[in-house]
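K.L.:
First the structure, which I've put down as structure tokens, then a few questions once you've had a look.
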Amino acid sequence: MNDKQIKINSLKAWMLASRPKTLTGAAVPVMVGLAFAGRDLGFGGFAWVPALLCVLFAFIMQIDANFINDYFDFVKGNDDETRLGPRRACAQGWITPKAMRRAIIITTAVACCIGLPLVIYGGLEMILVGAFCVLFCFLYTTILSYLGLGDMLVLVFFGIIPVCVTYYLQAEKFTFEVFAASLACGFVIDTLLIINNYRDIDNDTKAGKKTLVVRVGADAGRMAYLCSGVMAIAIGSVFLFYGHACAFALPLLYLIPHYAAYRKMVRINKGKALNMVLGDTARNMFVYGLLLSLGILLNM
């Protein structure tokens, strides 16, 4: 893409900055939580307003996280000419730093406004949940990703919290089955972080960013990518104990594209070509979410 074709602070520039492909990471856990609610409550007892609010909150928070990551990595000087990943808006001059700061304030405020009405359905503790989401959205890019805590945060904020809270807002309870599914979602979505960190291992090492892949090395990083997807399927065996065979069996199909992406990762090994695996991983995450959700609903 020719940078000169993108006008500064244009709609196209903001679309690129929002990183639409990453929105699958926001969609999957909410989709799974809603599938459980639909199965357990039936569509007659399903509350559509909190469902819509959960979806919108997840999407806006993901965009907010992308803006924060874009801005602070630019400020820290991490997005230089050696970057192998997709180009970033501030670093490329598509978005001015001042405009990005303003956008971060706006998206954070919009997310809070969308999430606030969930208090009606889930009680005042929803304010605490929302506050933690916003806080760690900032802490991840500025501090925690440099300490190698990114994978743990993915399990919590792209697995446990969105799946369990989405379900709780509908059913007003938690179940171990839903919790198991939330962990499985977290492991699947973590594959996106792992491939990002695997691609950037040299730059992260130079920047002092001690990601999991930097800590364990490239070979173990590749294995972590494969095992993260397999772990999600293994956790899904819990569904068998509840007599929900479809919820276990259908996601097994996810292993086919996941293993293919792993083999491509091994074959490419290094360089910008790994961005193809990044795209495959985002697609695979969504495939997993669809398969699991369908499997859950088939057990109604």
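Residues in the structure tokens are named by chain (A, B, ... in the order shown) and by number from 1 within that chain; ligands are numbered from 1 in the order shown.
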Pull the closest atom pair for each residue of range 10-70 of chain A that gets at most 12 Å from range 244-253 of chain A, along with the distance in Å to one decimal, counting only C-alpha atoms, ordering rows by chain and then ascending residue number, as a tab-separated table.

P.N.:
residue	atom	partner	partner_atom	distance
A:Val32	CA	A:Ala247	CA	10.7
A:Ala35	CA	A:Ala247	CA	10.7
A:Phe36	CA	A:Ala247	CA	10.3
A:Arg39	CA	A:His244	CA	11.1

K.L.:
Can you spit out the residues from that selection as an mmCIF file, in the first residue's frame, using N, CA, C and O atoms?

P.N.:
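Just written: result37.cif:
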data_model
loop_
_atom_site.group_PDB
_atom_site.id
_atom_site.type_symbol
_atom_site.label_atom_id
_atom_site.label_comp_id
_atom_site.auth_asym_id
_atom_site.auth_seq_id
_atom_site.Cartn_x
_atom_site.Cartn_y
_atom_site.Cartn_z
ATOM 1 N N VAL A 32 -19.592 -16.912 22.338
ATOM 2 C CA VAL A 32 -19.675 -18.159 23.100
ATOM 3 C C VAL A 32 -20.540 -17.978 24.348
ATOM 4 O O VAL A 32 -21.387 -18.821 24.669
ATOM 5 N N ALA A 35 -24.073 -17.942 23.311
ATOM 6 C CA ALA A 35 -24.537 -19.274 22.910
ATOM 7 C C ALA A 35 -24.957 -20.089 24.125
ATOM 8 O O ALA A 35 -26.002 -20.758 24.118
ATOM 9 N N PHE A 36 -24.168 -20.028 25.196
ATOM 10 C CA PHE A 36 -24.540 -20.715 26.434
ATOM 11 C C PHE A 36 -25.858 -20.170 26.975
ATOM 12 O O PHE A 36 -26.728 -20.929 27.440
ATOM 13 N N ARG A 39 -28.737 -21.413 24.929
ATOM 14 C CA ARG A 39 -29.020 -22.831 25.206
ATOM 15 C C ARG A 39 -29.749 -23.009 26.539
ATOM 16 O O ARG A 39 -30.724 -23.760 26.639
#

K.L.:
Could you name the residues that touch Thr166 in chain A at 7 Å or less, counting only C-alpha atoms, but leaving out those on the same chain fewer than 4 positions away, as a ChimeraX atom specification?

P.N.:
/A:30,33-34,54,162,170

K.L.:
A:Asn284, A:Asn196, A:Asn269, A:Ser237: which is nearest Pro257 in chain A, counting only C-alpha atoms?

P.N.:
A:Asn284

K.L.:
Looking at A:Asp70, A:Ile8, A:Thr24, A:Asn203, which one is nearest to Leu290 in chain A, with distances taken over only C-alpha atoms?

P.N.:
A:Thr24

K.L.:
Within 8 Å of range 144-158 of chain A, which residues of range 25-44 of chain A come that close, and what is the closest atom pair and distance in Å for each? Count only C-alpha atoms and give it as a Markdown table.

P.N.:
| residue | atom | partner | partner_atom | distance |
| --- | --- | --- | --- | --- |
| A:Gly25 | CA | A:Phe158 | CA | 7.0 |
| A:Ala26 | CA | A:Phe158 | CA | 7.0 |
| A:Pro29 | CA | A:Phe158 | CA | 6.5 |

K.L.:
What does the structure give for the distance between CA of Ile143 in chain A and CA of Phe67 in chain A, in Å to one decimal?

P.N.:
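One can read the CA of Ile143 in chain A to CA of Phe67 in chain A distance as 15.8 Å.
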
K.L.:
Skip range 55-66 of chain A itself and residues of its chain fewer than 3 positions away, then list as a PDB file with all heavy atoms, in the first residue's frame all residues within 8 Å of it, counting only C-alpha atoms.

P.N.:
ATOM      1  N   ALA A  17      -6.084   1.921  11.343  1.00  0.00           N
ATOM      2  CA  ALA A  17      -5.644   2.004  12.739  1.00  0.00           C
ATOM      3  C   ALA A  17      -6.483   1.132  13.656  1.00  0.00           C
ATOM      4  O   ALA A  17      -5.994   0.626  14.675  1.00  0.00           O
ATOM      5  CB  ALA A  17      -5.684   3.456  13.217  1.00  0.00           C
ATOM      6  N   SER A  18      -7.746   0.915  13.299  1.00  0.00           N
ATOM      7  CA  SER A  18      -8.634   0.108  14.152  1.00  0.00           C
ATOM      8  C   SER A  18      -8.345  -1.384  14.018  1.00  0.00           C
ATOM      9  O   SER A  18      -8.807  -2.174  14.846  1.00  0.00           O
ATOM     10  CB  SER A  18     -10.096   0.387  13.800  1.00  0.00           C
ATOM     11  OG  SER A  18     -10.415  -0.116  12.512  1.00  0.00           O
ATOM     12  N   ARG A  19      -7.597  -1.792  12.985  1.00  0.00           N
ATOM     13  CA  ARG A  19      -7.196  -3.188  12.746  1.00  0.00           C
ATOM     14  C   ARG A  19      -8.401  -4.129  12.772  1.00  0.00           C
ATOM     15  O   ARG A  19      -8.583  -4.921  13.709  1.00  0.00           O
ATOM     16  CB  ARG A  19      -6.167  -3.635  13.786  1.00  0.00           C
ATOM     17  CG  ARG A  19      -4.952  -2.738  13.879  1.00  0.00           C
ATOM     18  CD  ARG A  19      -3.987  -3.260  14.930  1.00  0.00           C
ATOM     19  NE  ARG A  19      -3.227  -2.174  15.522  1.00  0.00           N
ATOM     20  CZ  ARG A  19      -2.442  -2.300  16.587  1.00  0.00           C
ATOM     21  NH1 ARG A  19      -2.291  -3.472  17.161  1.00  0.00           N
ATOM     22  NH2 ARG A  19      -1.790  -1.264  17.077  1.00  0.00           N
ATOM     23  N   THR A  22      -8.447  -7.885  13.963  1.00  0.00           N
ATOM     24  CA  THR A  22      -8.325  -8.258  15.375  1.00  0.00           C
ATOM     25  C   THR A  22      -9.677  -8.320  16.067  1.00  0.00           C
ATOM     26  O   THR A  22      -9.766  -8.809  17.201  1.00  0.00           O
ATOM     27  CB  THR A  22      -7.430  -7.255  16.134  1.00  0.00           C
ATOM     28  OG1 THR A  22      -8.079  -5.964  16.164  1.00  0.00           O
ATOM     29  CG2 THR A  22      -6.070  -7.106  15.468  1.00  0.00           C
ATOM     30  N   LEU A  23     -10.728  -7.829  15.415  1.00  0.00           N
ATOM     31  CA  LEU A  23     -12.039  -7.795  16.056  1.00  0.00           C
ATOM     32  C   LEU A  23     -12.614  -9.194  16.261  1.00  0.00           C
ATOM     33  O   LEU A  23     -13.553  -9.369  17.041  1.00  0.00           O
ATOM     34  CB  LEU A  23     -13.007  -6.933  15.238  1.00  0.00           C
ATOM     35  CG  LEU A  23     -12.648  -5.444  15.155  1.00  0.00           C
ATOM     36  CD1 LEU A  23     -13.696  -4.686  14.365  1.00  0.00           C
ATOM     37  CD2 LEU A  23     -12.489  -4.835  16.541  1.00  0.00           C
ATOM     38  N   ALA A  26     -12.433 -10.040  19.792  1.00  0.00           N
ATOM     39  CA  ALA A  26     -13.482  -9.461  20.632  1.00  0.00           C
ATOM     40  C   ALA A  26     -14.796 -10.200  20.446  1.00  0.00           C
ATOM     41  O   ALA A  26     -15.579 -10.351  21.393  1.00  0.00           O
ATOM     42  CB  ALA A  26     -13.654  -7.981  20.295  1.00  0.00           C
ATOM     43  N   ALA A  27     -15.050 -10.684  19.225  1.00  0.00           N
ATOM     44  CA  ALA A  27     -16.334 -11.307  18.904  1.00  0.00           C
ATOM     45  C   ALA A  27     -16.484 -12.697  19.501  1.00  0.00           C
ATOM     46  O   ALA A  27     -17.550 -13.051  20.015  1.00  0.00           O
ATOM     47  CB  ALA A  27     -16.510 -11.368  17.390  1.00  0.00           C
ATOM     48  N   VAL A  30     -17.628 -13.270  23.399  1.00  0.00           N
ATOM     49  CA  VAL A  30     -19.002 -12.808  23.614  1.00  0.00           C
ATOM     50  C   VAL A  30     -19.980 -13.753  22.917  1.00  0.00           C
ATOM     51  O   VAL A  30     -21.035 -14.100  23.460  1.00  0.00           O
ATOM     52  CB  VAL A  30     -19.178 -11.361  23.106  1.00  0.00           C
ATOM     53  CG1 VAL A  30     -20.636 -10.925  23.197  1.00  0.00           C
ATOM     54  CG2 VAL A  30     -18.297 -10.409  23.907  1.00  0.00           C
ATOM     55  N   ALA A  51     -27.185  -8.258  25.549  1.00  0.00           N
ATOM     56  CA  ALA A  51     -26.390  -8.989  24.554  1.00  0.00           C
ATOM     57  C   ALA A  51     -25.755  -8.004  23.576  1.00  0.00           C
ATOM     58  O   ALA A  51     -24.551  -8.084  23.275  1.00  0.00           O
ATOM     59  CB  ALA A  51     -27.267  -9.991  23.810  1.00  0.00           C
ATOM     60  N   LEU A  52     -26.549  -7.069  23.081  1.00  0.00           N
ATOM     61  CA  LEU A  52     -26.040  -6.066  22.143  1.00  0.00           C
ATOM     62  C   LEU A  52     -24.999  -5.172  22.801  1.00  0.00           C
ATOM     63  O   LEU A  52     -23.964  -4.842  22.198  1.00  0.00           O
ATOM     64  CB  LEU A  52     -27.198  -5.221  21.606  1.00  0.00           C
ATOM     65  CG  LEU A  52     -26.834  -4.089  20.631  1.00  0.00           C
ATOM     66  CD1 LEU A  52     -26.141  -4.656  19.392  1.00  0.00           C
ATOM     67  CD2 LEU A  52     -28.066  -3.283  20.232  1.00  0.00           C
ATOM     68  N   ASN A  69      -2.209   0.807  21.744  1.00  0.00           N
ATOM     69  CA  ASN A  69      -1.009   0.096  21.334  1.00  0.00           C
ATOM     70  C   ASN A  69      -0.269   0.846  20.233  1.00  0.00           C
ATOM     71  O   ASN A  69       0.963   0.976  20.269  1.00  0.00           O
ATOM     72  CB  ASN A  69      -1.390  -1.305  20.860  1.00  0.00           C
ATOM     73  CG  ASN A  69      -0.197  -2.139  20.485  1.00  0.00           C
ATOM     74  OD1 ASN A  69       0.020  -2.423  19.314  1.00  0.00           O
ATOM     75  ND2 ASN A  69       0.581  -2.558  21.466  1.00  0.00           N
ATOM     76  N   ASP A  70      -1.021   1.363  19.274  1.00  0.00           N
ATOM     77  CA  ASP A  70      -0.433   2.115  18.167  1.00  0.00           C
ATOM     78  C   ASP A  70       0.295   3.351  18.683  1.00  0.00           C
ATOM     79  O   ASP A  70       1.453   3.616  18.313  1.00  0.00           O
ATOM     80  CB  ASP A  70      -1.543   2.526  17.191  1.00  0.00           C
ATOM     81  CG  ASP A  70      -1.021   2.992  15.847  1.00  0.00           C
ATOM     82  OD1 ASP A  70      -0.221   3.955  15.825  1.00  0.00           O
ATOM     83  OD2 ASP A  70      -1.407   2.407  14.824  1.00  0.00           O
ATOM     84  N   ILE A 104      -8.210   8.030  21.536  1.00  0.00           N
ATOM     85  CA  ILE A 104      -8.147   7.138  22.694  1.00  0.00           C
ATOM     86  C   ILE A 104      -9.117   7.612  23.784  1.00  0.00           C
ATOM     87  O   ILE A 104      -9.831   6.808  24.391  1.00  0.00           O
ATOM     88  CB  ILE A 104      -6.708   7.064  23.244  1.00  0.00           C
ATOM     89  CG1 ILE A 104      -5.808   6.308  22.255  1.00  0.00           C
ATOM     90  CG2 ILE A 104      -6.681   6.386  24.611  1.00  0.00           C
ATOM     91  CD1 ILE A 104      -4.328   6.393  22.589  1.00  0.00           C
ATOM     92  N   THR A 107     -12.767   6.859  22.383  1.00  0.00           N
ATOM     93  CA  THR A 107     -13.159   5.442  22.379  1.00  0.00           C
ATOM     94  C   THR A 107     -13.283   4.897  23.803  1.00  0.00           C
ATOM     95  O   THR A 107     -14.161   4.085  24.082  1.00  0.00           O
ATOM     96  CB  THR A 107     -12.163   4.589  21.579  1.00  0.00           C
ATOM     97  OG1 THR A 107     -10.818   4.863  22.018  1.00  0.00           O
ATOM     98  CG2 THR A 107     -12.276   4.857  20.095  1.00  0.00           C
ATOM     99  N   THR A 108     -12.414   5.356  24.701  1.00  0.00           N
ATOM    100  CA  THR A 108     -12.524   4.928  26.101  1.00  0.00           C
ATOM    101  C   THR A 108     -13.838   5.423  26.697  1.00  0.00           C
ATOM    102  O   THR A 108     -14.551   4.669  27.388  1.00  0.00           O
ATOM    103  CB  THR A 108     -11.348   5.474  26.929  1.00  0.00           C
ATOM    104  OG1 THR A 108     -10.113   5.009  26.374  1.00  0.00           O
ATOM    105  CG2 THR A 108     -11.442   5.017  28.377  1.00  0.00           C
ATOM    106  N   VAL A 110     -16.609   6.259  25.051  1.00  0.00           N
ATOM    107  CA  VAL A 110     -17.728   5.582  24.394  1.00  0.00           C
ATOM    108  C   VAL A 110     -17.916   4.182  24.974  1.00  0.00           C
ATOM    109  O   VAL A 110     -19.046   3.746  25.245  1.00  0.00           O
ATOM    110  CB  VAL A 110     -17.505   5.506  22.860  1.00  0.00           C
ATOM    111  CG1 VAL A 110     -18.528   4.576  22.208  1.00  0.00           C
ATOM    112  CG2 VAL A 110     -17.600   6.893  22.240  1.00  0.00           C
ATOM    113  N   ALA A 111     -16.800   3.464  25.184  1.00  0.00           N
ATOM    114  CA  ALA A 111     -16.880   2.125  25.776  1.00  0.00           C
ATOM    115  C   ALA A 111     -17.515   2.182  27.157  1.00  0.00           C
ATOM    116  O   ALA A 111     -18.355   1.342  27.498  1.00  0.00           O
ATOM    117  CB  ALA A 111     -15.488   1.502  25.851  1.00  0.00           C
ATOM    118  N   CYS A 112     -17.132   3.178  27.955  1.00  0.00           N
ATOM    119  CA  CYS A 112     -17.697   3.320  29.303  1.00  0.00           C
ATOM    120  C   CYS A 112     -19.191   3.631  29.241  1.00  0.00           C
ATOM    121  O   CYS A 112     -19.977   3.096  30.044  1.00  0.00           O
ATOM    122  CB  CYS A 112     -16.961   4.409  30.065  1.00  0.00           C
ATOM    123  SG  CYS A 112     -15.250   3.993  30.492  1.00  0.00           S
ATOM    124  N   ILE A 114     -21.239   2.783  26.851  1.00  0.00           N
ATOM    125  CA  ILE A 114     -21.943   1.574  26.398  1.00  0.00           C
ATOM    126  C   ILE A 114     -22.044   0.561  27.528  1.00  0.00           C
ATOM    127  O   ILE A 114     -23.068  -0.099  27.704  1.00  0.00           O
ATOM    128  CB  ILE A 114     -21.211   0.955  25.191  1.00  0.00           C
ATOM    129  CG1 ILE A 114     -21.361   1.857  23.966  1.00  0.00           C
ATOM    130  CG2 ILE A 114     -21.733  -0.456  24.895  1.00  0.00           C
ATOM    131  CD1 ILE A 114     -20.513   1.430  22.783  1.00  0.00           C
ATOM    132  N   GLY A 115     -20.969   0.436  28.312  1.00  0.00           N
ATOM    133  CA  GLY A 115     -20.940  -0.563  29.365  1.00  0.00           C
ATOM    134  C   GLY A 115     -21.738  -0.182  30.602  1.00  0.00           C
ATOM    135  O   GLY A 115     -22.225  -1.061  31.323  1.00  0.00           O
ATOM    136  N   VAL A 134     -10.716  -1.269  31.288  1.00  0.00           N
ATOM    137  CA  VAL A 134     -10.080  -0.033  30.827  1.00  0.00           C
ATOM    138  C   VAL A 134      -8.662   0.091  31.374  1.00  0.00           C
ATOM    139  O   VAL A 134      -7.718   0.416  30.642  1.00  0.00           O
ATOM    140  CB  VAL A 134     -10.927   1.197  31.248  1.00  0.00           C
ATOM    141  CG1 VAL A 134     -10.172   2.487  30.948  1.00  0.00           C
ATOM    142  CG2 VAL A 134     -12.272   1.190  30.514  1.00  0.00           C
ATOM    143  N   CYS A 137      -6.293  -2.332  29.767  1.00  0.00           N
ATOM    144  CA  CYS A 137      -6.135  -1.952  28.361  1.00  0.00           C
ATOM    145  C   CYS A 137      -4.920  -1.030  28.207  1.00  0.00           C
ATOM    146  O   CYS A 137      -4.128  -1.168  27.275  1.00  0.00           O
ATOM    147  CB  CYS A 137      -7.408  -1.260  27.887  1.00  0.00           C
ATOM    148  SG  CYS A 137      -7.489  -0.986  26.116  1.00  0.00           S
ATOM    149  N   PHE A 138      -4.765  -0.119  29.163  1.00  0.00           N
ATOM    150  CA  PHE A 138      -3.614   0.794  29.155  1.00  0.00           C
ATOM    151  C   PHE A 138      -2.354   0.109  29.692  1.00  0.00           C
ATOM    152  O   PHE A 138      -1.264   0.269  29.139  1.00  0.00           O
ATOM    153  CB  PHE A 138      -3.923   2.040  29.989  1.00  0.00           C
ATOM    154  CG  PHE A 138      -4.791   3.042  29.307  1.00  0.00           C
ATOM    155  CD1 PHE A 138      -6.178   2.962  29.398  1.00  0.00           C
ATOM    156  CD2 PHE A 138      -4.240   4.064  28.549  1.00  0.00           C
ATOM    157  CE1 PHE A 138      -6.987   3.889  28.763  1.00  0.00           C
ATOM    158  CE2 PHE A 138      -5.039   5.002  27.910  1.00  0.00           C
ATOM    159  CZ  PHE A 138      -6.421   4.912  28.018  1.00  0.00           C
ATOM    160  N   PRO A 162     -14.939 -11.956  29.418  1.00  0.00           N
ATOM    161  CA  PRO A 162     -16.029 -11.744  28.461  1.00  0.00           C
ATOM    162  C   PRO A 162     -17.017 -12.902  28.367  1.00  0.00           C
ATOM    163  O   PRO A 162     -18.224 -12.678  28.275  1.00  0.00           O
ATOM    164  CB  PRO A 162     -15.301 -11.519  27.131  1.00  0.00           C
ATOM    165  CG  PRO A 162     -13.956 -12.116  27.318  1.00  0.00           C
ATOM    166  CD  PRO A 162     -13.625 -11.929  28.766  1.00  0.00           C
TER     167      PRO A 162
END

K.L.:
Nearest to Phe179 in chain A among A:Val129, A:Leu116, A:Val165, A:Leu255, with distances taken over only C-alpha atoms: which residue is it?

P.N.:
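Closest residue, counting only C-alpha atoms: A:Val165.
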
K.L.:
Write out as a PyMOL selection string each polymer residue whose atoms come within 12 Å of Asp200 in chain A, counting only C-alpha atoms; drop sequence neighbours fewer than 4 positions from it.

P.N.:
chain A and resi 78-79+82-86+193-196+204-214+217-218+221+269-275+278

K.L.:
Write out as a list in words which residues come within 12 Å of Lys98 in chain A when counting only C-alpha atoms, dropping same-chain ones fewer than 4 positions away.

P.N.:
Ile8, Asn9, Tyr71, Val75, Cys90, Gly93, Trp94, Arg102, Ala103, Ile104 and Ile105 of chain A

K.L.:
Using only C-alpha atoms, which of A:Ile189, A:Ile201, A:Leu16, A:Ile95 sits nearest Phe286 in chain A?

P.N.:
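Of the candidates, the smallest distance to Phe286 in chain A is held by A:Ile189.
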
K.L.:
Here is a test: counting only C-alpha atoms, which residue of A:Ser228, A:Asn299, A:Thr281, A:Gln92 is nearest to Phe187 in chain A?

P.N.:
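Of A:Ser228, A:Asn299, A:Thr281, A:Gln92, the one nearest Phe187 in chain A is A:Ser228, counting only C-alpha atoms.
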
K.L.:
Mind checking DSSP for range 68-148 of chain A and telling me the alpha helix (DSSP H) residues as a ChimeraX atom specification?

P.N.:
/A:68-76,89-92,97-115,119-122,125-142

K.L.:
For a quick check of understanding, using only C-alpha atoms, which of A:Leu53, A:Ala99, A:Leu139, A:Ile296 has the smallest distance to Ser10 in chain A?

P.N.:
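Smallest distance to Ser10 in chain A is found for A:Ala99.
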
K.L.:
Could you tell me how far CA of Met31 in chain A sits from CA of Tyr168 in chain A, in Å to one decimal place?

P.N.:
13.4 Å
